[in-house]
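The file structure-v1.tsv comes next; it holds TSV, C-alpha atoms.
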chain	number	residue	atom	x	y	z
A	1	MET	CA	0.00	0.00	0.00
A	2	ALA	CA	1.30	3.47	-0.85
A	3	ASN	CA	2.36	5.83	1.93
A	4	ARG	CA	0.58	9.18	1.84
A	5	ILE	CA	1.74	12.62	3.00
A	6	MET	CA	-0.75	15.49	3.30
A	7	LEU	CA	0.32	19.00	4.34
A	8	ASN	CA	-1.06	22.54	4.10
A	9	GLN	CA	-1.05	24.24	0.71
A	10	THR	CA	0.91	27.07	2.36
A	11	SER	CA	2.45	27.69	5.77
A	12	TYR	CA	4.17	30.73	7.23
A	13	HIS	CA	6.65	30.57	10.12
A	14	GLY	CA	8.40	33.10	12.31
A	15	ALA	CA	7.79	36.25	14.32
A	16	GLY	CA	5.37	38.58	12.58
A	17	ALA	CA	4.02	35.89	10.28
A	18	ILE	CA	0.41	36.90	11.05
A	19	ALA	CA	0.82	39.85	8.67
A	20	GLU	CA	0.48	37.31	5.85
A	21	ILE	CA	-3.16	36.63	6.78
A	22	VAL	CA	-4.27	39.85	5.10
A	23	ASN	CA	-2.23	39.08	1.99
A	24	GLU	CA	-3.69	35.59	1.71
A	25	ALA	CA	-7.27	36.77	2.26
A	26	LYS	CA	-6.88	39.34	-0.50
A	27	ALA	CA	-5.11	36.92	-2.85
A	28	HIS	CA	-7.98	34.44	-2.51
A	29	ASP	CA	-10.56	37.23	-2.85
A	30	TYR	CA	-12.28	36.17	0.37
A	31	LYS	CA	-15.16	38.44	1.39
A	32	LYS	CA	-15.83	37.78	5.08
A	33	ALA	CA	-14.05	35.78	7.77
A	34	PHE	CA	-15.72	33.66	10.43
A	35	VAL	CA	-13.20	34.03	13.27
A	36	CYS	CA	-13.24	31.06	15.65
A	37	SER	CA	-11.48	31.82	18.92
A	38	ASP	CA	-12.13	30.85	22.53
A	39	PRO	CA	-13.37	33.34	25.15
A	40	ASP	CA	-10.08	33.64	27.05
A	41	LEU	CA	-8.12	34.55	23.92
A	42	ILE	CA	-10.66	37.26	23.18
A	43	LYS	CA	-10.72	38.45	26.82
A	44	PHE	CA	-6.92	38.76	26.96
A	45	GLN	CA	-6.77	40.34	23.50
A	46	VAL	CA	-4.69	37.63	21.87
A	47	SER	CA	-7.19	37.29	19.03
A	48	THR	CA	-7.11	41.05	18.67
A	49	LYS	CA	-3.62	40.80	17.19
A	50	VAL	CA	-5.26	39.23	14.13
A	51	THR	CA	-8.55	41.13	14.05
A	52	ASP	CA	-6.66	44.44	14.28
A	53	LEU	CA	-4.90	43.50	11.05
A	54	LEU	CA	-8.25	42.72	9.43
A	55	ASP	CA	-9.63	46.06	10.63
A	56	GLN	CA	-6.64	47.96	9.27
A	57	ALA	CA	-7.05	46.27	5.90
A	58	GLY	CA	-10.81	46.89	5.79
A	59	LEU	CA	-11.56	43.15	5.76
A	60	SER	CA	-14.94	42.06	7.13
A	61	TYR	CA	-15.27	39.40	9.84
A	62	GLU	CA	-17.53	37.99	12.55
A	63	ILE	CA	-16.31	36.40	15.78
A	64	TYR	CA	-17.55	33.06	17.14
A	65	SER	CA	-16.39	32.19	20.67
A	66	ASN	CA	-18.75	29.52	22.03
A	67	ILE	CA	-15.82	27.14	22.34
A	68	LYS	CA	-14.83	25.07	25.38
A	69	ALA	CA	-11.36	23.75	26.17
A	70	ASN	CA	-12.63	20.31	25.17
A	71	PRO	CA	-15.01	21.38	22.37
A	72	THR	CA	-18.42	19.75	22.42
A	73	ILE	CA	-21.01	18.70	19.88
A	74	GLU	CA	-23.07	21.71	21.00
A	75	ASN	CA	-20.13	24.08	20.34
A	76	VAL	CA	-19.95	22.74	16.79
A	77	GLN	CA	-23.69	22.87	16.11
A	78	THR	CA	-24.13	26.43	17.36
A	79	GLY	CA	-21.07	27.35	15.30
A	80	VAL	CA	-22.63	25.88	12.16
A	81	ALA	CA	-25.78	27.95	12.74
A	82	ALA	CA	-23.72	31.09	13.37
A	83	PHE	CA	-21.65	30.54	10.21
A	84	LYS	CA	-24.80	30.19	8.10
A	85	LYS	CA	-26.15	33.49	9.45
A	86	SER	CA	-22.83	35.33	9.10
A	87	GLY	CA	-22.47	35.32	5.33
A	88	ALA	CA	-18.82	34.36	5.74
A	89	ASP	CA	-16.94	32.48	3.04
A	90	TYR	CA	-13.83	31.40	5.00
A	91	ILE	CA	-12.72	30.68	8.55
A	92	ILE	CA	-9.82	32.06	10.57
A	93	ALA	CA	-9.18	29.74	13.53
A	94	ILE	CA	-7.18	31.42	16.30
A	95	GLY	CA	-6.21	29.36	19.31
A	96	GLY	CA	-5.13	25.94	20.40
A	97	GLY	CA	-6.65	22.63	19.45
A	98	SER	CA	-10.05	23.63	20.81
A	99	SER	CA	-10.53	26.55	18.42
A	100	MET	CA	-9.05	24.73	15.44
A	101	ASP	CA	-10.95	21.50	16.05
A	102	THR	CA	-14.22	23.43	16.36
A	103	ALA	CA	-13.42	25.32	13.15
A	104	LYS	CA	-12.65	22.09	11.28
A	105	ALA	CA	-15.92	20.48	12.33
A	106	ILE	CA	-17.92	23.60	11.42
A	107	GLY	CA	-16.18	23.86	8.05
A	108	ILE	CA	-16.77	20.19	7.26
A	109	ILE	CA	-20.48	20.33	8.13
A	110	ILE	CA	-21.09	23.51	6.15
A	111	ALA	CA	-19.64	21.75	3.08
A	112	ASN	CA	-21.17	18.35	3.94
A	113	PRO	CA	-24.48	19.09	5.73
A	114	GLU	CA	-25.47	15.43	5.88
A	115	PHE	CA	-23.08	15.19	8.89
A	116	GLU	CA	-24.81	17.91	10.94
A	117	ASP	CA	-25.41	15.48	13.83
A	118	VAL	CA	-21.59	15.67	14.39
A	119	ARG	CA	-21.36	12.16	15.85
A	120	SER	CA	-21.37	10.63	12.35
A	121	LEU	CA	-18.02	12.33	11.69
A	122	GLU	CA	-16.26	9.94	14.08
A	123	GLY	CA	-13.43	7.91	12.60
A	124	VAL	CA	-12.90	8.25	8.87
A	125	ALA	CA	-16.19	9.76	7.71
A	126	PRO	CA	-17.10	9.54	4.00
A	127	THR	CA	-17.30	13.29	3.44
A	128	ARG	CA	-17.26	14.29	-0.22
A	129	LYS	CA	-16.32	17.95	-0.24
A	130	PRO	CA	-13.41	19.93	1.24
A	131	CYS	CA	-14.36	22.03	4.23
A	132	VAL	CA	-14.79	25.78	4.14
A	133	PRO	CA	-11.28	27.28	3.60
A	134	ILE	CA	-9.48	27.66	6.92
A	135	ILE	CA	-6.56	29.89	7.85
A	136	ALA	CA	-5.24	28.40	11.10
A	137	VAL	CA	-3.31	30.53	13.59
A	138	PRO	CA	-2.08	28.51	16.59
A	139	THR	CA	-1.64	30.24	19.95
A	140	THR	CA	-0.30	27.13	21.70
A	141	ALA	CA	2.71	25.05	20.77
A	142	GLY	CA	1.31	21.59	21.02
A	143	THR	CA	-1.65	20.28	19.07
A	144	ALA	CA	-0.37	21.02	15.55
A	145	ALA	CA	-4.05	21.04	14.53
A	146	GLU	CA	-3.10	23.62	11.90
A	147	VAL	CA	-1.33	20.90	9.86
A	148	THR	CA	-3.27	17.75	10.70
A	149	ILE	CA	-6.25	15.96	9.21
A	150	ASN	CA	-7.54	15.15	12.69
A	151	TYR	CA	-9.86	16.81	15.16
A	152	VAL	CA	-11.40	15.73	18.46
A	153	ILE	CA	-14.91	16.49	19.73
A	154	THR	CA	-16.38	15.73	23.17
A	155	ASP	CA	-19.71	13.95	23.45
A	156	VAL	CA	-20.85	15.26	26.84
A	157	GLU	CA	-23.94	13.06	26.93
A	158	ARG	CA	-21.93	9.85	26.50
A	159	LYS	CA	-18.86	11.05	28.46
A	160	ARG	CA	-16.42	10.35	25.64
A	161	LYS	CA	-14.23	12.07	23.13
A	162	PHE	CA	-14.23	10.94	19.54
A	163	VAL	CA	-11.50	11.39	16.96
A	164	CYS	CA	-12.35	12.44	13.42
A	165	VAL	CA	-9.84	11.76	10.64
A	166	ASP	CA	-10.65	13.52	7.40
A	167	PRO	CA	-8.34	14.74	4.60
A	168	HIS	CA	-11.05	17.27	3.75
A	169	ASP	CA	-10.50	19.20	7.00
A	170	MET	CA	-6.90	20.30	6.43
A	171	PRO	CA	-6.49	24.08	6.82
A	172	ILE	CA	-5.30	25.47	3.51
A	173	ILE	CA	-3.02	27.97	5.24
A	174	ALA	CA	-1.14	27.70	8.55
A	175	VAL	CA	0.36	30.80	10.14
A	176	VAL	CA	2.76	29.72	12.89
A	177	ASP	CA	3.87	32.90	14.64
A	178	PRO	CA	5.66	32.45	17.99
A	179	GLU	CA	4.57	35.93	19.04
A	180	MET	CA	1.00	34.62	19.13
A	181	MET	CA	2.17	32.15	21.80
A	182	SER	CA	4.07	34.53	24.07
A	183	SER	CA	1.13	35.15	26.41
A	184	MET	CA	0.62	31.47	27.25
A	185	PRO	CA	0.97	30.83	31.00
A	186	LYS	CA	3.62	28.39	32.21
A	187	GLY	CA	1.21	25.55	32.91
A	188	LEU	CA	-0.37	25.69	29.47
A	189	THR	CA	3.02	26.02	27.78
A	190	ALA	CA	4.22	22.92	29.62
A	191	SER	CA	1.15	20.79	28.94
A	192	THR	CA	0.82	21.67	25.27
A	193	GLY	CA	4.54	21.14	24.82
A	194	MET	CA	4.32	17.65	26.30
A	195	ASP	CA	1.39	16.96	23.98
A	196	ALA	CA	3.70	17.84	21.09
A	197	LEU	CA	6.39	15.51	22.43
A	198	THR	CA	3.79	12.75	22.73
A	199	HIS	CA	2.81	13.32	19.10
A	200	ALA	CA	6.43	13.00	18.02
A	201	ILE	CA	7.25	9.88	20.06
A	202	GLU	CA	3.99	8.07	19.32
A	203	GLY	CA	4.20	9.02	15.65
A	204	TYR	CA	7.77	7.70	15.50
A	205	THR	CA	6.82	4.35	17.04
A	206	THR	CA	3.37	3.80	15.51
A	207	LYS	CA	2.76	0.79	13.26
A	208	ALA	CA	2.39	2.97	10.15
A	209	ALA	CA	5.66	4.92	10.63
A	210	TRP	CA	8.03	5.07	7.66
A	211	GLU	CA	11.20	6.87	6.61
A	212	MET	CA	9.70	10.26	5.78
A	213	THR	CA	7.63	10.53	8.94
A	214	ASP	CA	10.55	9.21	11.02
A	215	MET	CA	12.56	12.17	9.73
A	216	PHE	CA	9.89	14.61	10.91
A	217	HIS	CA	9.40	12.95	14.28
A	218	LEU	CA	13.06	12.67	15.25
A	219	LYS	CA	13.68	16.30	14.39
A	220	ALA	CA	10.59	17.29	16.36
A	221	ILE	CA	11.77	15.31	19.42
A	222	GLU	CA	15.15	17.05	19.21
A	223	ILE	CA	13.71	20.56	18.89
A	224	ILE	CA	11.04	20.08	21.57
A	225	SER	CA	13.54	18.59	24.04
A	226	LYS	CA	15.86	21.57	23.55
A	227	SER	CA	13.11	24.19	23.61
A	228	LEU	CA	10.35	23.31	26.06
A	229	ARG	CA	12.10	24.36	29.27
A	230	GLY	CA	12.94	27.71	27.67
A	231	ALA	CA	9.41	28.15	26.39
A	232	VAL	CA	8.04	27.59	29.90
A	233	ALA	CA	10.46	30.32	31.06
A	234	ASN	CA	9.08	32.45	28.18
A	235	THR	CA	12.38	32.94	26.36
A	236	PRO	CA	12.10	33.99	22.69
A	237	GLU	CA	14.31	31.08	21.67
A	238	GLY	CA	12.13	28.59	23.54
A	239	ARG	CA	8.95	29.98	22.03
A	240	GLU	CA	10.38	29.91	18.51
A	241	GLY	CA	11.68	26.37	18.95
A	242	MET	CA	8.39	25.04	20.26
A	243	ALA	CA	6.38	26.77	17.52
A	244	LEU	CA	8.48	24.97	14.93
A	245	GLY	CA	8.92	21.67	16.75
A	246	GLN	CA	5.22	21.08	17.35
A	247	TYR	CA	4.44	21.86	13.69
A	248	ILE	CA	7.06	19.39	12.46
A	249	ALA	CA	5.57	16.73	14.76
A	250	GLY	CA	2.18	17.44	13.19
A	251	MET	CA	3.62	16.98	9.71
A	252	GLY	CA	4.43	13.44	10.75
A	253	PHE	CA	1.75	12.06	13.04
A	254	SER	CA	-1.14	13.40	11.00
A	255	ASN	CA	-0.09	11.01	8.27
A	256	VAL	CA	0.66	7.88	10.31
A	257	GLY	CA	-1.43	8.10	13.47
A	258	LEU	CA	-0.68	7.81	17.18
A	259	GLY	CA	-1.04	5.22	19.95
A	260	ILE	CA	-2.58	4.41	23.30
A	261	ALA	CA	-1.07	7.34	25.22
A	262	HIS	CA	-3.45	9.47	23.17
A	263	SER	CA	-6.32	6.98	23.47
A	264	MET	CA	-5.99	7.09	27.24
A	265	ALA	CA	-5.57	10.87	27.32
A	266	HIS	CA	-8.75	11.33	25.28
A	267	THR	CA	-10.62	9.22	27.82
A	268	LEU	CA	-9.24	11.12	30.81
A	269	GLY	CA	-10.25	14.39	29.16
A	270	ALA	CA	-13.78	13.20	28.49
A	271	VAL	CA	-14.40	11.77	31.97
A	272	TYR	CA	-12.50	14.19	34.23
A	273	ASP	CA	-11.96	17.18	31.92
A	274	THR	CA	-8.22	16.64	32.39
A	275	PRO	CA	-6.26	19.03	30.14
A	276	HIS	CA	-5.19	16.99	27.14
A	277	GLY	CA	-1.49	17.79	27.36
A	278	VAL	CA	-1.36	16.94	31.07
A	279	ALA	CA	-3.05	13.60	30.39
A	280	CYS	CA	-0.61	12.86	27.54
A	281	ALA	CA	2.38	13.76	29.70
A	282	MET	CA	1.24	11.48	32.53
A	283	MET	CA	0.62	8.54	30.20
A	284	LEU	CA	3.61	8.88	27.84
A	285	PRO	CA	6.43	7.37	29.96
A	286	ILE	CA	4.12	4.64	31.26
A	287	VAL	CA	3.06	3.71	27.74
A	288	MET	CA	6.67	3.88	26.52
A	289	GLU	CA	7.63	1.29	29.16
A	290	TYR	CA	4.73	-0.91	28.06
A	291	ASN	CA	5.61	-0.60	24.35
A	292	ALA	CA	9.39	-0.94	24.70
A	293	ASP	CA	9.72	-4.57	23.62
A	294	CYS	CA	7.93	-3.81	20.32
A	295	THR	CA	10.04	-0.84	19.25
A	296	GLY	CA	13.29	-2.35	17.97
A	297	GLU	CA	16.11	0.20	18.13
A	298	LYS	CA	13.86	3.27	18.05
A	299	TYR	CA	14.30	4.18	21.73
A	300	ARG	CA	18.02	4.60	21.13
A	301	GLU	CA	17.24	7.30	18.57
A	302	ILE	CA	14.64	8.89	20.88
A	303	ALA	CA	17.24	9.03	23.67
A	304	ARG	CA	19.80	10.51	21.27
A	305	ALA	CA	17.35	13.14	20.04
A	306	MET	CA	16.62	14.09	23.64
A	307	GLY	CA	20.28	14.73	24.31
A	308	VAL	CA	21.20	11.54	26.17
A	309	GLU	CA	24.93	10.90	25.79
A	310	GLY	CA	26.63	7.56	25.16
A	311	VAL	CA	23.64	5.78	23.64
A	312	ASP	CA	25.81	3.90	21.13
A	313	VAL	CA	27.57	1.98	23.91
A	314	MET	CA	24.36	1.20	25.79
A	315	SER	CA	22.58	-2.14	25.73
A	316	GLN	CA	19.06	-2.25	24.36
A	317	GLU	CA	17.66	-2.35	27.90
A	318	GLU	CA	19.81	0.63	28.92
A	319	TYR	CA	18.85	2.90	26.05
A	320	ARG	CA	15.20	2.03	26.42
A	321	LYS	CA	15.33	3.00	30.08
A	322	ALA	CA	17.29	6.13	29.19
A	323	ALA	CA	14.64	7.27	26.69
A	324	VAL	CA	11.84	6.82	29.22
A	325	ALA	CA	13.89	8.55	31.93
A	326	ALA	CA	14.55	11.53	29.66
A	327	VAL	CA	10.83	11.92	29.00
A	328	ARG	CA	10.02	11.71	32.72
A	329	LYS	CA	12.73	14.26	33.58
A	330	LEU	CA	11.46	16.77	31.01
A	331	SER	CA	7.89	16.35	32.26
A	332	GLU	CA	8.98	16.86	35.88
A	333	ASP	CA	11.14	19.86	34.98
A	334	VAL	CA	8.19	21.70	33.42
A	335	GLY	CA	5.89	20.93	36.35
A	336	ILE	CA	3.59	18.20	35.05
A	337	PRO	CA	2.07	15.97	37.78
A	338	SER	CA	2.54	12.22	37.57
A	339	LYS	CA	-0.70	11.21	39.33
A	340	LEU	CA	-4.38	11.96	38.76
A	341	GLU	CA	-6.23	11.76	42.06
A	342	ALA	CA	-9.65	11.93	40.40
A	343	ILE	CA	-9.39	8.35	39.10
A	344	LYS	CA	-11.36	5.79	41.07
A	345	GLU	CA	-11.14	2.01	40.91
A	346	SER	CA	-14.83	1.93	39.97
A	347	ASP	CA	-14.07	4.03	36.86
A	348	LEU	CA	-11.39	1.74	35.45
A	349	ASP	CA	-13.64	-0.52	33.38
A	350	PHE	CA	-15.24	2.43	31.58
A	351	LEU	CA	-11.88	4.20	31.12
A	352	ALA	CA	-10.19	1.12	29.68
A	353	GLU	CA	-13.07	0.20	27.40
A	354	SER	CA	-13.28	3.77	26.08
A	355	ALA	CA	-9.54	3.94	25.45
A	356	HIS	CA	-9.62	0.55	23.72
A	357	ALA	CA	-12.33	1.80	21.35
A	358	ASP	CA	-10.51	5.06	20.58
A	359	ALA	CA	-9.38	5.68	17.00
A	360	CYS	CA	-5.74	6.10	18.06
A	361	ALA	CA	-5.45	2.69	19.71
A	362	PRO	CA	-4.90	0.53	16.57
A	363	GLY	CA	-1.72	2.45	15.71
A	364	ASN	CA	0.04	1.49	18.93
A	365	PRO	CA	3.11	-0.69	18.27
A	366	LYS	CA	1.89	-3.22	20.84
A	367	ASP	CA	-1.70	-4.42	20.82
A	368	ALA	CA	-3.24	-3.52	24.18
A	369	SER	CA	-6.17	-5.38	25.70
A	370	VAL	CA	-8.79	-3.79	27.93
A	371	GLU	CA	-7.08	-5.43	30.91
A	372	ASP	CA	-3.71	-4.03	29.84
A	373	LEU	CA	-5.20	-0.54	29.67
A	374	LYS	CA	-6.74	-0.90	33.13
A	375	GLU	CA	-3.30	-1.70	34.54
A	376	LEU	CA	-1.77	1.27	32.77
A	377	PHE	CA	-4.44	3.61	34.14
A	378	ARG	CA	-3.72	2.25	37.65
A	379	LYS	CA	-0.14	3.53	37.36
A	380	ILE	CA	-1.33	7.17	37.55
A	381	MET	CA	-3.72	6.63	40.48
Whole structure, structure tokens version:
Amino acid sequence: MANRIMLNQTSYHGAGAIAEIVNEAKAHDYKKAFVCSDPDLIKFQVSTKVTDLLDQAGLSYEIYSNIKANPTIENVQTGVAAFKKSGADYIIAIGGGSSMDTAKAIGIIIANPEFEDVRSLEGVAPTRKPCVPIIAVPTTAGTAAEVTINYVITDVERKRKFVCVDPHDMPIIAVVDPEMMSSMPKGLTASTGMDALTHAIEGYTTKAAWEMTDMFHLKAIEIISKSLRGAVANTPEGREGMALGQYIAGMGFSNVGLGIAHSMAHTLGAVYDTPHGVACAMMLPIVMEYNADCTGEKYREIARAMGVEGVDVMSQEEYRKAAVAAVRKLSEDVGIPSKLEAIKESDLDFLAESAHADACAPGNPKDASVEDLKELFRKIM
């Protein structure tokens, strides 16, 4: 079977890159933007950095901000109704994964109204038309939703998150400007950064990985490992490194999938509203230990990319332990907890069954049973 790579038509990188939004809107002759951004970004005037540019250029727009941190079916459906009323012909998504995932789902449903129930988009939905054109402007360095064909929606009624994988949802333009990320608080910088590292490591070890995606993932691991501590300290170099590193990780994992660290994180987010990056960071070293015997020599390269010295003289057991230890140390250094007190023994069956059914689970290098997943969840109790 042929390997496939899908990326944005265009992406811009570097400080001040948001100025290109106006140029792209004019070049495409767009008439009115539907700006998707969450309430906090509007409150703290992060989104204003973009809308000010639209105002200065005389470009029309309407803001939609009914977006939760874990976006819901209701957020999408009210967004679809608002888009229809707005008269917009393109979307500008400003924010982290929540804003971009909501924008993707809205854009898909506007173009493919037969999926307006939202739930039918789960997995690989048979949509026929590309979504409304999206210009994606990340404000966190983690999800890489601006360059992926994935989005995640929360089904509040059923207490679960579902993953949608759709080549039709790819933003046509990504604008990755580290200055849009400079106002992120330390905790959010740390958690989204660990999400990016989880993308890179799971993408590198997933069953579908191949040479081109390995190239992206190893470089992403290297950049993220060098940059995350600095980003948490809000250094320009750290912010710039994380903006690039998380995007490169997205270039890879979007095309080959992830594993059970993400399956389990999705479940924790749906049941306890655990921030996605925190859940990923807690699960990643535990899952790496579980997967180790199915990863060949890949942990040696992970350890090397994370700056571990002497990996070439280590035994397989040593470099596998070194890779896991490096991940744990980075997570600890940026303040991520290792335990989730909210988990109860009585929840484990539901958690494990939900994670087992998650769309990311089949990509894991080691097939995990429901019982295996229960034991892994116990390790963060």
| query | So how many Å separate atom CA of Gln246 of chain A and atom CA of Thr139 of chain A, to one decimal? | reply | 11.7 Å
| task | Tell me, as a ChimeraX atom specification, which residues lie within 8 Å of Phe377 of chain A, counting all atoms listed in the file; anything in the same chain fewer than 5 positions away does not count. | result | /A:264,348,352
Using only C-alpha atoms, please write the residues we just selected to a file, as a PDB file, in the frame of the given file.
ATOM      1  CA  MET A 264      -5.990   7.090  27.240  1.00  0.00           C
ATOM      2  CA  LEU A 348     -11.390   1.740  35.450  1.00  0.00           C
ATOM      3  CA  ALA A 352     -10.190   1.120  29.680  1.00  0.00           C
TER       4      ALA A 352
END
| task | Mind checking which residues fall within 6 Å of segment 123-129 of chain A, counting only C-alpha atoms, ignoring those fewer than 3 positions away in the same chain, and posting them as a VMD selection string? | result | chain A and resid 163 to 166
| Separation of atom CA of Glu371 of chain A from atom CA of Thr295 of chain A, in Å and rounded to one decimal | 21.2 Å
| field | Among listed residues A:Met242, A:Ala323, A:Cys360, A:Val313, nearest Ala265 of chain A (using only C-alpha atoms) | value | A:Cys360
Rebuild N, CA, C and O atoms on segment 348-368 of chain A, as a PDB file, in the coordinates of the input?
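Result went into result-v8.pdb, see below:
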ATOM      1  N   LEU A 348     -12.406   2.329  36.325  1.00  0.00           N
ATOM      2  CA  LEU A 348     -11.390   1.740  35.450  1.00  0.00           C
ATOM      3  C   LEU A 348     -11.974   0.963  34.272  1.00  0.00           C
ATOM      4  O   LEU A 348     -11.428   1.019  33.168  1.00  0.00           O
ATOM      5  N   ASP A 349     -13.054   0.242  34.491  1.00  0.00           N
ATOM      6  CA  ASP A 349     -13.640  -0.520  33.380  1.00  0.00           C
ATOM      7  C   ASP A 349     -14.057   0.411  32.250  1.00  0.00           C
ATOM      8  O   ASP A 349     -13.739   0.173  31.081  1.00  0.00           O
ATOM      9  N   PHE A 350     -14.783   1.488  32.610  1.00  0.00           N
ATOM     10  CA  PHE A 350     -15.240   2.430  31.580  1.00  0.00           C
ATOM     11  C   PHE A 350     -14.053   3.111  30.900  1.00  0.00           C
ATOM     12  O   PHE A 350     -14.027   3.252  29.667  1.00  0.00           O
ATOM     13  N   LEU A 351     -13.061   3.534  31.687  1.00  0.00           N
ATOM     14  CA  LEU A 351     -11.880   4.200  31.120  1.00  0.00           C
ATOM     15  C   LEU A 351     -11.173   3.285  30.123  1.00  0.00           C
ATOM     16  O   LEU A 351     -10.830   3.702  29.004  1.00  0.00           O
ATOM     17  N   ALA A 352     -10.940   2.051  30.527  1.00  0.00           N
ATOM     18  CA  ALA A 352     -10.190   1.120  29.680  1.00  0.00           C
ATOM     19  C   ALA A 352     -10.963   0.759  28.419  1.00  0.00           C
ATOM     20  O   ALA A 352     -10.390   0.685  27.326  1.00  0.00           O
ATOM     21  N   GLU A 353     -12.260   0.535  28.568  1.00  0.00           N
ATOM     22  CA  GLU A 353     -13.070   0.200  27.400  1.00  0.00           C
ATOM     23  C   GLU A 353     -13.136   1.370  26.412  1.00  0.00           C
ATOM     24  O   GLU A 353     -13.070   1.182  25.195  1.00  0.00           O
ATOM     25  N   SER A 354     -13.250   2.586  26.940  1.00  0.00           N
ATOM     26  CA  SER A 354     -13.280   3.770  26.080  1.00  0.00           C
ATOM     27  C   SER A 354     -11.961   3.949  25.349  1.00  0.00           C
ATOM     28  O   SER A 354     -11.923   4.248  24.148  1.00  0.00           O
ATOM     29  N   ALA A 355     -10.856   3.791  26.064  1.00  0.00           N
ATOM     30  CA  ALA A 355      -9.540   3.940  25.450  1.00  0.00           C
ATOM     31  C   ALA A 355      -9.305   2.859  24.391  1.00  0.00           C
ATOM     32  O   ALA A 355      -8.723   3.117  23.335  1.00  0.00           O
ATOM     33  N   HIS A 356      -9.782   1.660  24.670  1.00  0.00           N
ATOM     34  CA  HIS A 356      -9.620   0.550  23.720  1.00  0.00           C
ATOM     35  C   HIS A 356     -10.375   0.808  22.425  1.00  0.00           C
ATOM     36  O   HIS A 356      -9.930   0.409  21.341  1.00  0.00           O
ATOM     37  N   ALA A 357     -11.514   1.512  22.525  1.00  0.00           N
ATOM     38  CA  ALA A 357     -12.330   1.800  21.350  1.00  0.00           C
ATOM     39  C   ALA A 357     -11.893   3.062  20.612  1.00  0.00           C
ATOM     40  O   ALA A 357     -12.401   3.354  19.521  1.00  0.00           O
ATOM     41  N   ASP A 358     -10.949   3.795  21.170  1.00  0.00           N
ATOM     42  CA  ASP A 358     -10.510   5.060  20.580  1.00  0.00           C
ATOM     43  C   ASP A 358      -9.796   4.840  19.256  1.00  0.00           C
ATOM     44  O   ASP A 358      -9.097   3.843  19.056  1.00  0.00           O
ATOM     45  N   ALA A 359      -9.947   5.809  18.354  1.00  0.00           N
ATOM     46  CA  ALA A 359      -9.380   5.680  17.000  1.00  0.00           C
ATOM     47  C   ALA A 359      -7.868   5.640  16.976  1.00  0.00           C
ATOM     48  O   ALA A 359      -7.272   5.175  15.992  1.00  0.00           O
ATOM     49  N   CYS A 360      -7.210   6.121  18.033  1.00  0.00           N
ATOM     50  CA  CYS A 360      -5.740   6.100  18.060  1.00  0.00           C
ATOM     51  C   CYS A 360      -5.169   4.745  18.468  1.00  0.00           C
ATOM     52  O   CYS A 360      -4.001   4.457  18.194  1.00  0.00           O
ATOM     53  N   ALA A 361      -5.968   3.930  19.137  1.00  0.00           N
ATOM     54  CA  ALA A 361      -5.450   2.690  19.710  1.00  0.00           C
ATOM     55  C   ALA A 361      -4.851   1.711  18.691  1.00  0.00           C
ATOM     56  O   ALA A 361      -3.813   1.104  18.954  1.00  0.00           O
ATOM     57  N   PRO A 362      -5.455   1.520  17.503  1.00  0.00           N
ATOM     58  CA  PRO A 362      -4.900   0.530  16.570  1.00  0.00           C
ATOM     59  C   PRO A 362      -3.479   0.839  16.099  1.00  0.00           C
ATOM     60  O   PRO A 362      -2.761  -0.073  15.668  1.00  0.00           O
ATOM     61  N   GLY A 363      -3.055   2.100  16.163  1.00  0.00           N
ATOM     62  CA  GLY A 363      -1.720   2.450  15.710  1.00  0.00           C
ATOM     63  C   GLY A 363      -0.613   2.105  16.684  1.00  0.00           C
ATOM     64  O   GLY A 363       0.578   2.162  16.340  1.00  0.00           O
ATOM     65  N   ASN A 364      -0.976   1.769  17.909  1.00  0.00           N
ATOM     66  CA  ASN A 364       0.040   1.490  18.930  1.00  0.00           C
ATOM     67  C   ASN A 364       0.924   0.319  18.492  1.00  0.00           C
ATOM     68  O   ASN A 364       0.428  -0.668  17.936  1.00  0.00           O
ATOM     69  N   PRO A 365       2.228   0.394  18.731  1.00  0.00           N
ATOM     70  CA  PRO A 365       3.110  -0.690  18.270  1.00  0.00           C
ATOM     71  C   PRO A 365       2.847  -2.030  18.946  1.00  0.00           C
ATOM     72  O   PRO A 365       3.203  -3.081  18.421  1.00  0.00           O
ATOM     73  N   LYS A 366       2.209  -1.999  20.101  1.00  0.00           N
ATOM     74  CA  LYS A 366       1.890  -3.220  20.840  1.00  0.00           C
ATOM     75  C   LYS A 366       0.383  -3.249  21.056  1.00  0.00           C
ATOM     76  O   LYS A 366      -0.203  -2.284  21.562  1.00  0.00           O
ATOM     77  N   ASP A 367      -0.257  -4.322  20.662  1.00  0.00           N
ATOM     78  CA  ASP A 367      -1.700  -4.420  20.820  1.00  0.00           C
ATOM     79  C   ASP A 367      -2.050  -4.514  22.310  1.00  0.00           C
ATOM     80  O   ASP A 367      -1.562  -5.402  23.019  1.00  0.00           O
ATOM     81  N   ALA A 368      -2.888  -3.600  22.766  1.00  0.00           N
ATOM     82  CA  ALA A 368      -3.240  -3.520  24.180  1.00  0.00           C
ATOM     83  C   ALA A 368      -4.661  -3.993  24.409  1.00  0.00           C
ATOM     84  O   ALA A 368      -5.594  -3.521  23.749  1.00  0.00           O
TER      85      ALA A 368
END
